[in-house]
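*Asks:* Structure in structure tokens, see below.
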Amino acid sequence: MSNGETDRQVAGIERAAVEALIRGEHGDPFSILGPHAFAHGLTIRTYLPGALGVELIDAVSGEVLGSLEQSSVPGLFSIRIEQQVPYRYRITWSSGVQETEDPYAFGQLLGEMDLYLFAEGNHRELGKSLGAQFTTHEGVQGVRFSVWAPNARRVSVVGGFNGWDGRRHPMRLRQPSGVWELFIPRLTPGEVYKYEILGRDGLLPLKADPMALATELPPATGSVVSAPLQFDWHDDHWLEQRQAQQGYQAPMSIYELHAASWRREGGEEGRLLSWKELSEQLIPYVQQLGFTHIELMPIMEHPFGGSWGYQLLSQFAPTARHGSPADFAAFVDACHQAGIGVILDWVPAHFPTDAHGLGQFDGTALYEYAHPFEGFHQDWDTYIYNLGRTEVHGFMLASALHWLRAYHIDGLRVDAVASMLYRDYSRKDGEWIPNRFGGRENLESIDFLRHLNDVVAQEVPGALVIAEESTAWPGVSRPTQEGGLGFAYKWNMGWMHDSLKYVAEDPLHRQHHHHQLTFGLLYAFSEHFVLPISHDEVVHGKRSLLDKMPGDRWQKFANLRLYLSFMWSHPGKKLLFMGCEFGQWREWNHDHELDWYLLRYGEHKGVQQLVSDLNGLYRHEPALHQLDGSAEGFAWLIGDDATNSVFAWLRHDKDGSPLLVVHNFTPQPRNGYRIGVPKEGAWHVLLNSDAERYAGSNAGSQGGLFSEAVASHGQPQSLSLDLPPLATLVIKPQ
């Protein structure tokens, strides 16, 4: 036996340890590999399966210090030298020669404070700490890998750079944090990698990095080493203005879109647009329509495009479908320079079961609850985050901050909040586990949401967190100090359901459903609401917004214009899904672009023009946005005329100046309809949704009007109006 080998030892180490290393089961490779001092010098060992030879090079002079001797175990090389010197290896492979420093010659990588904050759930910058960080360490450029897998027996970094061989780069475990780490010298951005994890019961499928900053283009599932995002932002003025305009008085009109199907290059089923192409085409369109914000359905990397992004696995990486992280940053920057805010859908409730993902990450339920009554969502076939675990709590908190800070995102729309609040959400009796007090509330998720909203308010002033929450949970948008959840806004799902049900009724029968439009105003000021007509309302057989409308072609378009006018004049911020703004006939299909050809036709062009004018009116008239969350900004005039299906109200700005809004939800014109008004003199019709400009019949009051000294509806003056069929009038005193 050579190199001092015995029956019990190989290359100076216990044979059992070497055999564990070969099998990929050694949990502490640094105890064997790299430099190790002995009485008269240093032993250096490396395990490079497949290498033909290894030389030791003086890292300063470049002098060859000697050749490492291969032991009886193929790939295990060692050498003894008399004194410590900076060194690197020159490795001969069948494919060529490689020079690199020894990954096992470097000391510990992550600081104790990093590990402590991670374990505590309070590390705010995980995207710059864990995962794959391209950096310079001890004077050498390379990539620092770190991953949380506390119950693993061994974790290795694998990729094309090591032939996907888990024996080549096993990692060091930092106890008690459960974080494994390794610095791989000379590795550069662009490298694809995963983690090979040996769990308690054997080898797991290769895992993508939970904190990857970039990924391969699906259907490939690898993580990609990314250089730190160093983007030259030009949105300082936007961010300053955003912070100065904190509060609920500013207009907010949101255009929701799915980036992969808004437009495509080459037609309906063509190539997805890049972020650059989207900025060139989308931004002018949004400006033309007058929306204040766009909301992107999840752009975090997700394996299956048909999930629309809601089953995502990379909480820190923008999808590669549209370009690089820097490309996405440039898109956000361009939006800001054009005066458009960017909101992202963000999903902290659940994650998919793909084998390369977070599920059973180290062979145990790590990110998810262990019991299926807590940790598995039957409706969506997904795992549920265990936000009661401090590391998972901190992971998701850091993800939210990552998008808001690294990418200057203006707001996060938190998906499926109702499923987070209740342990029995969509579960039958006997299929859920009560909280520690025996109740149905998910106390861990509630704590997380409150903590999230407090941290965002403190650390990213001006950024919004919006809840998609469909229950009667009290105080969703109330400050946490007052016992609320702390969200800036809540989606008004009740308004959406009631109003869509009402407008789908035949106008002849609407008188029997009058309450569906009036009921929402009983609670309209109990929260800060967004009125959402989202993607969920135009899929899965629900039909497009235009096709929900009753009647013939003319009535469908008139009803759509009326409904949009009702929405824009109703208290609450606005959200409209793409395609609804021009009357898409077909249901939304994530694999096809919108039916842009429809804009050749006058009715569709008219709807689009109406949305543009509604946004202009909404932004220009303070009465339509300043007091959205306050009853002081709204007053009923007519809420009880069910027979005629007429509704009328006043909107007020903070100075008390009124705006009159009247809706006729029947196709019957109503001439000489008297409505009380608070001011004497001239009034002017700002908008008639039946105007010729919108491809309407051009009926009803238009232009200037004068009040009469006839008391009506509790007001000293009144107007005699001609109400156009299936239409809205917005009228202002001059």
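The way I read the labels, and the way they are meant: chains A, B, ... in the order of the structure tokens, residue 1 as the first residue of every chain, and ligand 1 as the first ligand shown, with later ones counted on from there.
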Would you kindly return, as a list of chain:residue names, each protein, DNA or RNA residue with an atom no farther than 10 Å from any atom of Leu517 of chain A, considering only C-alpha atoms and excluding same-chain residues fewer than 4 positions away?
*Replies:*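 The residues that qualify are A:Trp495, A:Met496, A:Asp498, A:Ser499, A:Leu500, A:Lys501, A:Tyr502, A:Val503, A:His513, A:Leu521, A:Phe566, A:Gly639, A:Phe647.
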*Asks:* Can you tell me, as number ranges by chain, what residues are no more than 10 Å from segment 620-625 of chain A when counting only C-alpha atoms, ignoring any on the same chain fewer than 2 positions away?
*Replies:* A: 248-253, 568-573, 614-618, 627-629, 633-634, 650-660, 732
*Asks:* Skip segment 14-18 of chain A itself and residues of its chain fewer than 4 positions away, then list as number ranges by chain all residues within 12 Å of it, counting only C-alpha atoms.
*Replies:* A: 4-10, 22-33, 45-47, 71-77, 167
*Asks:* Based on DSSP run over this structure's backbone, return all residues of segment 362-554 of chain A in strand (DSSP E), as JSON, numbers by chain.
*Replies:* {"A": [376, 377, 382, 383, 384, 411, 412, 413, 414, 464, 465, 466, 467, 489, 490, 491, 529, 530, 531, 532, 533]}
*Asks:* Find the spatial neighbours of Glu181 of chain A, counting only C-alpha atoms, within a cut-off of 6 Å - ignore same-chain residues fewer than 3 positions away - and output them as a ChimeraX atom specification.
*Replies:* /A:145-146,171-172
